[in-house]
Amino acid sequence: MAGLQSKLPELLSGRFDDGLLVGLGYRTASQQGVTDEHGRFFYQPGEIVSFSIGNLSIGSALGGSLTLAALRDSVTELGNPDLALPETVNRARFIQSLAVETDLRNGVSIDDTVRDIVNRHADGISFTSDIETFEQSPAVRAVFSELGTRFRGVEEARNHLRRAQAGIKALRDVRVPTRDNSYLLADVFHPIDAGRYPVLLRLGIYGRAFRIGAISNDEDREISEKREDSWFQGDRDNLHPYWRWSENAASASPSVWVPRGYVVVLVDGRGVGNVPGKLSPYSKQEARDYYDAIGWAAKQPWSDGNVGLYGASYNATTQWHVAALHPPSLKAMAPISADGDIRDLAYPGGIFLEGYRRWWWNELVLPVKLPNTEVEDYVGGLRSHPWDDEYYYGNGALSANFSSIDIPVLTAVSMTNTIHPRSGFEAFSSLSSRVKRLMVMDAVYSGNMYKDFQPDLEAFFDQYLKGKKLAEEPPTVRMVLRTGDGGRWKQGNAHGSFESAPLEEALELVGHFRATLWVSSTTSDADVFVALRVMDGEREVPYRTYETGSAAPLTWGCLKVSRRVTDPERSTTERPWHTHRREDARPLVPGGVVKIDVEIMPATGRVLKGHRLRVEISPVEALGCPPGWEREYDASYHAGATNRILTGVSFPSSITIPVVPREDLKMVTA
């Protein structure tokens, strides 16, 4: 008898990765029952398992860990999961709609009440009908009307299946407590397999909807689900580049990071979506909330206690603010294309970045705020604080304190962009971190960030959140060397119009630029815009990598002349540092001549033999700024003014460009 028992087939258990399915009937050639409290069903190797709710056949599949997409109406049609099949969509919608929670965090529990209702209408339910016929079926509608649950949409069901197949579980609207007894709301994406994992977190104000936006009601949710489904179906070519590559507004994409063994946490700040509180971007309160969110994430059952920050633009700038508070569980950060202080955020060169900041506030921020919530007068606050004063150090939009940050940092900069073109360089030179790396990317950074840059991010977080040892230490600096008709990555260690004659040999330009100009005006002030362009005859050579159609120059800089005072300790040969303090204001004497140093944004570019460099100097912004993003135009000193640039022996105006010597190029490998 003992010998016979040892030859009995092994009994195996399976489950559905879509979510816990409890009380689902199952039958095999050797077993039958209902899934237990852990959602398990049992079978012997090689058996087909057929599932049901009362008299309604749900479908069959080969035993194992499954998703609803693996089920088929007939055992003769078993095959690979296919999210495009109508029966897959119909089956998923039906089962998922039996759940109480939107995110199915506790799965589906099928009790006698559910079985009785389904049994009454089983004869009218056919999963193999087309999607429209199924959703209009009187029997289907009757089931969910009697249960009082919401019948889920096609896209919502398919998105949930897709995540399950990728091993991702989503938890929606999770409350994150704050120190003042309020709360934030988060979406958490973690591996389905039980365990503790490092966390990539961002706290932001763009909402948690797919791409961008708040989810405050069912209509918002449906829009988000449709965007997500369309994105994964491959319809991305017509999207703006900032949405083409990321699942949520310049944040870590769960479909990329969760299968790599990370938890992605997207947190809404105060006043966003359904989060109570005052909407106050870049504020000290926001930094404290970020600190609390990091501490909360480190203590969750899916977390191993190691938290990293990752995001771009706004989601990068706020990383500087919270890192300066030194949350104990924050182990590494990757702020991509951030702003640092007044020079980046609002007054590049001392000229108010009015058009962009107003557009950003009205078009990206206000649409996602909690209705009737208190809102900071963001644009008004910037306008009323044109100087580098206390507003940027605790009372309003914070400035970064780079020198206080000592954790590993991988930062990046969008060279020559209207926004984010400089603080990455300042951070890299000022951070006290033992480990700091710099990426220099194209102005439209999304393609670089989510494609070229992805291996660098993976290696960085694997090393400093997971503790993995890398086979080879990565370079300290990597950059896109723009060639005029595209670009390529290079790496190495960190150590009126005026036109040149045609170059006698090609130049490679990498680094900071500056303009030293002698200027005068008939009024008390002037704005000076400097653009450096590359010309091939009368044709301008476009410098971009991923995105075509850009009219931006090779690089640019600007300065309000009354802001010309520089800090001698912070200025360098390559880059002037203007103080932007009220006490340092130096109005012009009409007709008088002054020397100014204009900070021109760092950039890279290969200029070919025979091409010419053109320097454009103007009192107003030249071609290249996106319409609607223009800087402030102050008619009090522009209207009717005559401005002059002086040159010659007595007034040696000049442009300084960073030419990489040929012998040094051998040290920089493609």
# chains A, B, ... in the order shown; residues from 1 in each chain; ligands from 1

$ residues_around --residues "A:Thr573" --least-positions-apart "5" --cutoff "12 Å" --atoms "only C-alpha atoms" --output "list in words"
Gly511, His512, Phe513, Arg514, Ala515, Thr516, Pro568, Asp597, Glu599, Thr656, Ile657 and Pro658 of chain A

$ residues_around --residues "A:Gly25" --least-positions-apart "6" --cutoff "12 Å" --atoms "only C-alpha atoms" --output "list in words"
Gln31, Gln32, Gly33, Val34, Thr35, Asp36, Gly39, Arg40, Phe41, Phe42, Val49, Ser50, Phe51, Ser52, Ile53, Gly54, Asn55, Leu56, Ser57, Ile58, Gly59, Ser60, Ser109, Ile110, Asp111, Asp112 and Arg115 of chain A

$ closest_atom_pairs --of "stretch 79-185 of chain A" --to "stretch 295-304 of chain A" --cutoff "9 Å" --atoms "only C-alpha atoms" --output "Markdown table"
| residue | atom | partner | partner_atom | distance |
| --- | --- | --- | --- | --- |
| A:Val176 | CA | A:Trp296 | CA | 6.9 |
| A:Pro177 | CA | A:Trp296 | CA | 7.5 |
| A:Thr178 | CA | A:Trp296 | CA | 8.9 |

$ write_last_selection --atoms "N, CA and C atoms" --output "CSV table (one decimal), in the first residue's frame"
chain,number,residue,atom,x,y,z
A,176,VAL,N,-1.8,58.5,2.8
A,176,VAL,CA,-0.5,58.6,3.3
A,176,VAL,C,-0.6,59.7,4.4
A,177,PRO,N,-0.4,59.3,5.7
A,177,PRO,CA,-0.6,60.2,6.8
A,177,PRO,C,0.5,61.3,6.8
A,178,THR,N,0.2,62.5,7.3
A,178,THR,CA,1.2,63.6,7.5
A,178,THR,C,1.2,63.9,8.9

$ residues_around --residues "A:Ser65" --least-positions-apart "3" --cutoff "7 Å" --atoms "only C-alpha atoms" --output "list of chain:residue names"
A:Gly14, A:Arg15, A:Phe16, A:Asp17

$ write_last_selection --atoms "C-alpha atoms" --output "PDB file, in the first residue's frame"
ATOM      1  CA  GLY A  14      -2.737  27.485  -8.601  1.00  0.00           C
ATOM      2  CA  ARG A  15      -4.186  30.964  -8.330  1.00  0.00           C
ATOM      3  CA  PHE A  16      -5.252  33.962 -10.399  1.00  0.00           C
ATOM      4  CA  ASP A  17      -2.734  36.809 -10.530  1.00  0.00           C
TER       5      ASP A  17
END

$ atom_distance --atom1 "atom CA of A:Val477" --atom2 "atom CA of A:His326"
25.2 Å

$ select_by_dssp --residues "stretch 302-429 of chain A" --states "helix (DSSP H, G or I)" --output "mmCIF file with N, CA and C atoms, in the first residue's frame"
data_model
loop_
_atom_site.group_PDB
_atom_site.id
_atom_site.type_symbol
_atom_site.label_atom_id
_atom_site.label_comp_id
_atom_site.auth_asym_id
_atom_site.auth_seq_id
_atom_site.Cartn_x
_atom_site.Cartn_y
_atom_site.Cartn_z
ATOM 1 N N TYR A 314 9.177 69.495 -12.654
ATOM 2 C CA TYR A 314 8.692 69.762 -11.295
ATOM 3 C C TYR A 314 9.038 68.601 -10.355
ATOM 4 N N ASN A 315 8.861 67.379 -10.865
ATOM 5 C CA ASN A 315 9.120 66.204 -10.041
ATOM 6 C C ASN A 315 10.602 65.994 -9.757
ATOM 7 N N ALA A 316 11.441 66.802 -10.380
ATOM 8 C CA ALA A 316 12.868 66.785 -10.069
ATOM 9 C C ALA A 316 13.212 67.902 -9.086
ATOM 10 N N THR A 317 12.698 69.096 -9.340
ATOM 11 C CA THR A 317 13.014 70.254 -8.497
ATOM 12 C C THR A 317 12.663 70.002 -7.041
ATOM 13 N N THR A 318 11.502 69.411 -6.789
ATOM 14 C CA THR A 318 11.075 69.183 -5.410
ATOM 15 C C THR A 318 11.932 68.139 -4.692
ATOM 16 N N GLN A 319 12.658 67.327 -5.452
ATOM 17 C CA GLN A 319 13.569 66.375 -4.809
ATOM 18 C C GLN A 319 14.679 67.098 -4.041
ATOM 19 N N TRP A 320 15.176 68.197 -4.613
ATOM 20 C CA TRP A 320 16.214 68.961 -3.904
ATOM 21 C C TRP A 320 15.698 69.423 -2.546
ATOM 22 N N HIS A 321 14.439 69.865 -2.506
ATOM 23 C CA HIS A 321 13.894 70.446 -1.280
ATOM 24 C C HIS A 321 13.760 69.403 -0.174
ATOM 25 N N VAL A 322 13.257 68.219 -0.504
ATOM 26 C CA VAL A 322 13.085 67.216 0.544
ATOM 27 C C VAL A 322 14.421 66.584 0.918
ATOM 28 N N ALA A 323 15.314 66.413 -0.034
ATOM 29 C CA ALA A 323 16.613 65.812 0.287
ATOM 30 C C ALA A 323 17.387 66.660 1.269
ATOM 31 N N ILE A 342 15.909 81.020 -8.112
ATOM 32 C CA ILE A 342 15.261 82.090 -8.851
ATOM 33 C C ILE A 342 15.786 82.201 -10.272
ATOM 34 N N ARG A 343 17.079 81.872 -10.470
ATOM 35 C CA ARG A 343 17.689 81.986 -11.802
ATOM 36 C C ARG A 343 17.071 81.003 -12.791
ATOM 37 N N ASP A 344 16.624 79.874 -12.295
ATOM 38 C CA ASP A 344 16.022 78.855 -13.151
ATOM 39 C C ASP A 344 14.498 78.945 -13.146
ATOM 40 N N LEU A 345 13.965 79.111 -11.957
ATOM 41 C CA LEU A 345 12.527 78.964 -11.757
ATOM 42 C C LEU A 345 11.717 80.103 -12.350
ATOM 43 N N PRO A 348 15.379 83.853 -15.195
ATOM 44 C CA PRO A 348 16.658 83.616 -15.876
ATOM 45 C C PRO A 348 17.238 84.939 -16.377
ATOM 46 N N GLY A 349 18.449 85.218 -15.987
ATOM 47 C CA GLY A 349 19.058 86.481 -16.382
ATOM 48 C C GLY A 349 18.382 87.690 -15.780
ATOM 49 N N GLY A 350 17.522 87.485 -14.787
ATOM 50 C CA GLY A 350 16.816 88.596 -14.158
ATOM 51 C C GLY A 350 15.555 89.024 -14.880
ATOM 52 N N GLU A 354 7.645 85.070 -17.543
ATOM 53 C CA GLU A 354 6.220 85.259 -17.276
ATOM 54 C C GLU A 354 5.341 84.332 -18.093
ATOM 55 N N GLY A 355 5.570 84.272 -19.406
ATOM 56 C CA GLY A 355 4.686 83.490 -20.263
ATOM 57 C C GLY A 355 4.658 82.031 -19.884
ATOM 58 N N TYR A 356 5.832 81.443 -19.671
ATOM 59 C CA TYR A 356 5.869 80.024 -19.330
ATOM 60 C C TYR A 356 5.228 79.767 -17.975
ATOM 61 N N ARG A 357 5.600 80.568 -16.975
ATOM 62 C CA ARG A 357 5.077 80.314 -15.631
ATOM 63 C C ARG A 357 3.562 80.477 -15.579
ATOM 64 N N ARG A 358 3.034 81.441 -16.305
ATOM 65 C CA ARG A 358 1.576 81.605 -16.323
ATOM 66 C C ARG A 358 0.926 80.435 -17.060
ATOM 67 N N TRP A 359 1.506 80.025 -18.195
ATOM 68 C CA TRP A 359 0.979 78.870 -18.936
ATOM 69 C C TRP A 359 1.019 77.616 -18.065
ATOM 70 N N TRP A 360 2.145 77.371 -17.412
ATOM 71 C CA TRP A 360 2.299 76.184 -16.564
ATOM 72 C C TRP A 360 1.235 76.156 -15.470
ATOM 73 N N TRP A 361 1.040 77.275 -14.835
ATOM 74 C CA TRP A 361 0.085 77.356 -13.735
ATOM 75 C C TRP A 361 -1.358 77.137 -14.218
ATOM 76 N N ASN A 362 -1.711 77.805 -15.302
ATOM 77 C CA ASN A 362 -3.095 77.751 -15.786
ATOM 78 C C ASN A 362 -3.427 76.446 -16.503
ATOM 79 N N GLU A 363 -2.460 75.892 -17.241
ATOM 80 C CA GLU A 363 -2.744 74.739 -18.091
ATOM 81 C C GLU A 363 -2.413 73.397 -17.448
ATOM 82 N N LEU A 364 -1.426 73.354 -16.574
ATOM 83 C CA LEU A 364 -1.011 72.074 -15.999
ATOM 84 C C LEU A 364 -1.405 71.904 -14.532
ATOM 85 N N VAL A 365 -1.409 72.984 -13.786
ATOM 86 C CA VAL A 365 -1.619 72.856 -12.337
ATOM 87 C C VAL A 365 -3.078 73.064 -11.944
ATOM 88 N N LEU A 366 -3.651 74.207 -12.288
ATOM 89 C CA LEU A 366 -5.015 74.503 -11.835
ATOM 90 C C LEU A 366 -6.044 73.465 -12.268
ATOM 91 N N PRO A 367 -5.922 72.858 -13.471
ATOM 92 C CA PRO A 367 -6.934 71.854 -13.853
ATOM 93 C C PRO A 367 -6.989 70.621 -12.958
ATOM 94 N N VAL A 368 -5.951 70.347 -12.177
ATOM 95 C CA VAL A 368 -5.966 69.134 -11.357
ATOM 96 C C VAL A 368 -6.202 69.424 -9.879
ATOM 97 N N TYR A 378 0.579 81.689 -6.976
ATOM 98 C CA TYR A 378 1.918 81.296 -7.406
ATOM 99 C C TYR A 378 2.565 82.323 -8.334
ATOM 100 N N VAL A 379 1.897 82.659 -9.427
ATOM 101 C CA VAL A 379 2.473 83.609 -10.372
ATOM 102 C C VAL A 379 2.629 84.980 -9.729
ATOM 103 N N GLY A 380 1.620 85.384 -8.945
ATOM 104 C CA GLY A 380 1.709 86.664 -8.249
ATOM 105 C C GLY A 380 2.859 86.703 -7.260
ATOM 106 N N GLY A 381 3.099 85.579 -6.591
ATOM 107 C CA GLY A 381 4.209 85.520 -5.654
ATOM 108 C C GLY A 381 5.549 85.699 -6.341
ATOM 109 N N LEU A 382 5.719 85.057 -7.493
ATOM 110 C CA LEU A 382 6.965 85.224 -8.241
ATOM 111 C C LEU A 382 7.103 86.659 -8.736
ATOM 112 N N ARG A 383 6.013 87.204 -9.262
ATOM 113 C CA ARG A 383 6.075 88.559 -9.801
ATOM 114 C C ARG A 383 6.432 89.579 -8.722
ATOM 115 N N GLU A 390 14.178 86.541 0.784
ATOM 116 C CA GLU A 390 13.696 85.533 1.728
ATOM 117 C C GLU A 390 12.575 84.664 1.170
ATOM 118 N N TYR A 391 11.880 85.152 0.148
ATOM 119 C CA TYR A 391 10.778 84.393 -0.444
ATOM 120 C C TYR A 391 11.260 83.034 -0.943
ATOM 121 N N TYR A 392 12.463 82.972 -1.440
ATOM 122 C CA TYR A 392 13.007 81.751 -2.035
ATOM 123 C C TYR A 392 13.775 80.888 -1.025
ATOM 124 N N TYR A 393 13.630 81.236 0.254
ATOM 125 C CA TYR A 393 14.338 80.479 1.284
ATOM 126 C C TYR A 393 13.431 80.108 2.449
ATOM 127 N N PHE A 402 21.953 72.728 -2.517
ATOM 128 C CA PHE A 402 22.705 71.604 -3.060
ATOM 129 C C PHE A 402 23.782 71.103 -2.097
ATOM 130 N N SER A 403 24.468 72.026 -1.435
ATOM 131 C CA SER A 403 25.633 71.634 -0.632
ATOM 132 C C SER A 403 25.267 70.795 0.580
ATOM 133 N N SER A 404 23.983 70.814 0.973
ATOM 134 C CA SER A 404 23.580 70.041 2.150
ATOM 135 C C SER A 404 23.208 68.603 1.818
ATOM 136 N N SER A 423 20.432 74.139 -13.781
ATOM 137 C CA SER A 423 20.626 73.773 -12.378
ATOM 138 C C SER A 423 21.331 72.431 -12.213
ATOM 139 N N GLY A 424 21.207 71.516 -13.198
ATOM 140 C CA GLY A 424 21.928 70.256 -13.098
ATOM 141 C C GLY A 424 23.429 70.463 -13.018
ATOM 142 N N PHE A 425 23.931 71.450 -13.759
ATOM 143 C CA PHE A 425 25.356 71.756 -13.700
ATOM 144 C C PHE A 425 25.729 72.335 -12.339
ATOM 145 N N GLU A 426 24.882 73.239 -11.828
ATOM 146 C CA GLU A 426 25.159 73.832 -10.517
ATOM 147 C C GLU A 426 25.106 72.770 -9.422
ATOM 148 N N ALA A 427 24.141 71.871 -9.518
ATOM 149 C CA ALA A 427 24.035 70.797 -8.525
ATOM 150 C C ALA A 427 25.271 69.911 -8.561
ATOM 151 N N PHE A 428 25.657 69.521 -9.746
ATOM 152 C CA PHE A 428 26.795 68.612 -9.882
ATOM 153 C C PHE A 428 28.053 69.199 -9.261
ATOM 154 N N SER A 429 28.248 70.502 -9.402
ATOM 155 C CA SER A 429 29.455 71.125 -8.851
ATOM 156 C C SER A 429 29.340 71.437 -7.365
#

$ closest_residue --among "A:Phe189, A:Phe127, A:Tyr310, A:Phe498" --to "A:Ile617" --atoms "only C-alpha atoms"
A:Phe498

$ residues_around --residues "A:Leu457" --least-positions-apart "6" --cutoff "9 Å" --atoms "only C-alpha atoms" --output "mmCIF file with C-alpha atoms, in the first residue's frame"
data_model
loop_
_atom_site.group_PDB
_atom_site.id
_atom_site.type_symbol
_atom_site.label_atom_id
_atom_site.label_comp_id
_atom_site.auth_asym_id
_atom_site.auth_seq_id
_atom_site.Cartn_x
_atom_site.Cartn_y
_atom_site.Cartn_z
ATOM 1 C CA ALA A 334 17.537 61.039 -9.706
ATOM 2 C CA LEU A 410 22.210 61.087 -10.570
ATOM 3 C CA MET A 449 15.338 60.121 -20.257
#

$ select_by_dssp --residues "stretch 21-66 of chain A" --states "strand (DSSP E)" --output "list in words"
Leu21, Val22, Gly25, Tyr26, Arg27, Gln32, Gly33, Val34, Phe41, Phe42, Tyr43, Ile48, Val49, Ser50, Phe51, Ser52, Ile53, Leu56, Ser57, Ile58, Gly59, Ser60, Ala61 and Leu62 of chain A

$ atom_distance --atom1 "atom CA of A:Asp123" --atom2 "atom CA of A:Arg141"
13.4 Å

$ residues_around --residues "A:His578" --least-positions-apart "2" --cutoff "6 Å" --atoms "only C-alpha atoms" --output "mmCIF file with N, CA and C atoms, in the first residue's frame"
data_model
loop_
_atom_site.group_PDB
_atom_site.id
_atom_site.type_symbol
_atom_site.label_atom_id
_atom_site.label_comp_id
_atom_site.auth_asym_id
_atom_site.auth_seq_id
_atom_site.Cartn_x
_atom_site.Cartn_y
_atom_site.Cartn_z
ATOM 1 N N VAL A 565 25.571 92.929 -11.754
ATOM 2 C CA VAL A 565 26.557 92.677 -10.693
ATOM 3 C C VAL A 565 26.735 91.175 -10.485
ATOM 4 N N THR A 566 27.980 90.738 -10.414
ATOM 5 C CA THR A 566 28.283 89.316 -10.236
ATOM 6 C C THR A 566 28.963 89.081 -8.895
ATOM 7 N N HIS A 580 21.574 89.022 -8.256
ATOM 8 C CA HIS A 580 20.116 89.232 -8.285
ATOM 9 C C HIS A 580 19.584 89.727 -6.943
#

$ atom_distance --atom1 "atom CA of A:Gly213" --atom2 "atom CA of A:Met441"
26.3 Å

$ closest_residue --among "A:Arg533, A:Arg91, A:Lys226, A:Arg158" --to "A:Ala552" --atoms "only C-alpha atoms"
A:Arg533

$ residues_around --residues "stretch 18-21 of chain A" --least-positions-apart "3" --cutoff "8 Å" --atoms "only C-alpha atoms" --output "list in words"
Arg15, Leu24, Thr35, His38, Gly39, Leu66, Thr67, Leu68, Leu104, Arg105, Asn106, Gly107, Val108, Ser109, Ile110, His160, Leu161, Ala164 and Gln165 of chain A

$ write_last_selection --atoms "N, CA and C atoms" --output "JSON list (two decimals), in the first residue's frame"
[["chain", "number", "residue", "atom", "x", "y", "z"],
["A", 15, "ARG", "N", -3.43, 29.78, -8.73],
["A", 15, "ARG", "CA", -4.19, 30.96, -8.33],
["A", 15, "ARG", "C", -4.32, 31.89, -9.54],
["A", 24, "LEU", "N", -14.73, 30.79, -6.24],
["A", 24, "LEU", "CA", -14.95, 30.46, -7.65],
["A", 24, "LEU", "C", -14.94, 28.94, -7.81],
["A", 35, "THR", "N", -12.48, 27.88, -4.98],
["A", 35, "THR", "CA", -11.20, 28.45, -4.55],
["A", 35, "THR", "C", -11.29, 28.88, -3.09],
["A", 38, "HIS", "N", -7.43, 31.81, 0.18],
["A", 38, "HIS", "CA", -6.21, 32.32, -0.45],
["A", 38, "HIS", "C", -6.33, 32.35, -1.97],
["A", 39, "GLY", "N", -7.53, 32.05, -2.49],
["A", 39, "GLY", "CA", -7.75, 32.05, -3.93],
["A", 39, "GLY", "C", -7.18, 30.84, -4.65],
["A", 66, "LEU", "N", -2.56, 31.72, -13.13],
["A", 66, "LEU", "CA", -3.27, 32.20, -14.32],
["A", 66, "LEU", "C", -3.65, 33.66, -14.19],
["A", 67, "THR", "N", -4.06, 34.22, -15.30],
["A", 67, "THR", "CA", -4.89, 35.42, -15.31],
["A", 67, "THR", "C", -6.16, 35.05, -16.04],
["A", 68, "LEU", "N", -7.17, 35.91, -15.90],
["A", 68, "LEU", "CA", -8.43, 35.63, -16.59],
["A", 68, "LEU", "C", -8.24, 35.58, -18.10],
["A", 104, "LEU", "N", -9.30, 46.27, -6.97],
["A", 104, "LEU", "CA", -9.34, 44.83, -6.68],
["A", 104, "LEU", "C", -8.28, 44.43, -5.65],
["A", 105, "ARG", "N", -7.97, 45.31, -4.72],
["A", 105, "ARG", "CA", -6.90, 45.01, -3.76],
["A", 105, "ARG", "C", -7.23, 43.79, -2.91],
["A", 106, "ASN", "N", -8.51, 43.58, -2.63],
["A", 106, "ASN", "CA", -8.93, 42.40, -1.88],
["A", 106, "ASN", "C", -9.55, 41.35, -2.77],
["A", 107, "GLY", "N", -9.43, 41.55, -4.09],
["A", 107, "GLY", "CA", -9.91, 40.55, -5.03],
["A", 107, "GLY", "C", -11.43, 40.50, -5.11],
["A", 108, "VAL", "N", -11.93, 39.32, -5.48],
["A", 108, "VAL", "CA", -13.36, 39.08, -5.67],
["A", 108, "VAL", "C", -13.78, 37.94, -4.75],
["A", 109, "SER", "N", -14.83, 38.17, -4.00],
["A", 109, "SER", "CA", -15.36, 37.14, -3.12],
["A", 109, "SER", "C", -16.76, 36.74, -3.61],
["A", 110, "ILE", "N", -16.88, 35.49, -3.99],
["A", 110, "ILE", "CA", -18.14, 34.98, -4.56],
["A", 110, "ILE", "C", -18.86, 34.19, -3.48],
["A", 160, "HIS", "N", -6.19, 46.23, -16.24],
["A", 160, "HIS", "CA", -5.94, 45.40, -15.06],
["A", 160, "HIS", "C", -5.33, 44.06, -15.47],
["A", 161, "LEU", "N", -5.84, 43.47, -16.53],
["A", 161, "LEU", "CA", -5.28, 42.21, -17.03],
["A", 161, "LEU", "C", -3.82, 42.39, -17.45],
["A", 164, "ALA", "N", -1.58, 42.53, -14.50],
["A", 164, "ALA", "CA", -1.46, 41.21, -13.88],
["A", 164, "ALA", "C", -0.50, 40.32, -14.66],
["A", 165, "GLN", "N", -0.59, 40.37, -15.98],
["A", 165, "GLN", "CA", 0.32, 39.56, -16.80],
["A", 165, "GLN", "C", 1.77, 39.99, -16.62]]

$ closest_residue --among "A:His190, A:Asn401, A:Glu101, A:Glu286" --to "A:Leu431" --atoms "only C-alpha atoms"
A:Asn401

$ residues_around --residues "A:Met535" --least-positions-apart "2" --cutoff "8 Å" --atoms "only C-alpha atoms" --output "list in words"
Arg533, Gly537, Glu538, Arg539, Glu540, Val541, His611, Arg612, Leu613 and Arg614 of chain A

$ write_last_selection --atoms "N, CA and C atoms" --output "short mmCIF file (atom, residue, chain, number, x, y, z; two decimals), in the first residue's frame"
data_model
loop_
_atom_site.label_atom_id
_atom_site.label_comp_id
_atom_site.auth_asym_id
_atom_site.auth_seq_id
_atom_site.Cartn_x
_atom_site.Cartn_y
_atom_site.Cartn_z
N ARG A 533 23.98 80.76 -33.19
CA ARG A 533 23.43 79.87 -34.21
C ARG A 533 24.55 79.43 -35.14
N GLY A 537 25.83 78.50 -45.17
CA GLY A 537 25.37 79.49 -46.14
C GLY A 537 24.31 80.35 -45.47
N GLU A 538 23.13 80.42 -46.07
CA GLU A 538 22.03 81.18 -45.47
C GLU A 538 21.09 80.28 -44.68
N ARG A 539 21.37 79.00 -44.66
CA ARG A 539 20.52 78.05 -43.94
C ARG A 539 21.05 77.84 -42.53
N GLU A 540 20.14 77.94 -41.54
CA GLU A 540 20.55 77.63 -40.17
C GLU A 540 20.58 76.12 -39.97
N VAL A 541 21.64 75.65 -39.35
CA VAL A 541 21.76 74.22 -39.05
C VAL A 541 20.98 73.95 -37.76
N HIS A 611 31.10 75.67 -41.98
CA HIS A 611 29.97 76.34 -41.35
C HIS A 611 30.45 77.60 -40.63
N ARG A 612 29.51 78.48 -40.33
CA ARG A 612 29.85 79.73 -39.66
C ARG A 612 29.06 79.83 -38.35
N LEU A 613 29.63 80.54 -37.39
CA LEU A 613 28.95 80.84 -36.14
C LEU A 613 28.34 82.23 -36.24
N ARG A 614 27.06 82.33 -35.93
CA ARG A 614 26.38 83.63 -35.95
C ARG A 614 25.95 83.98 -34.53
#
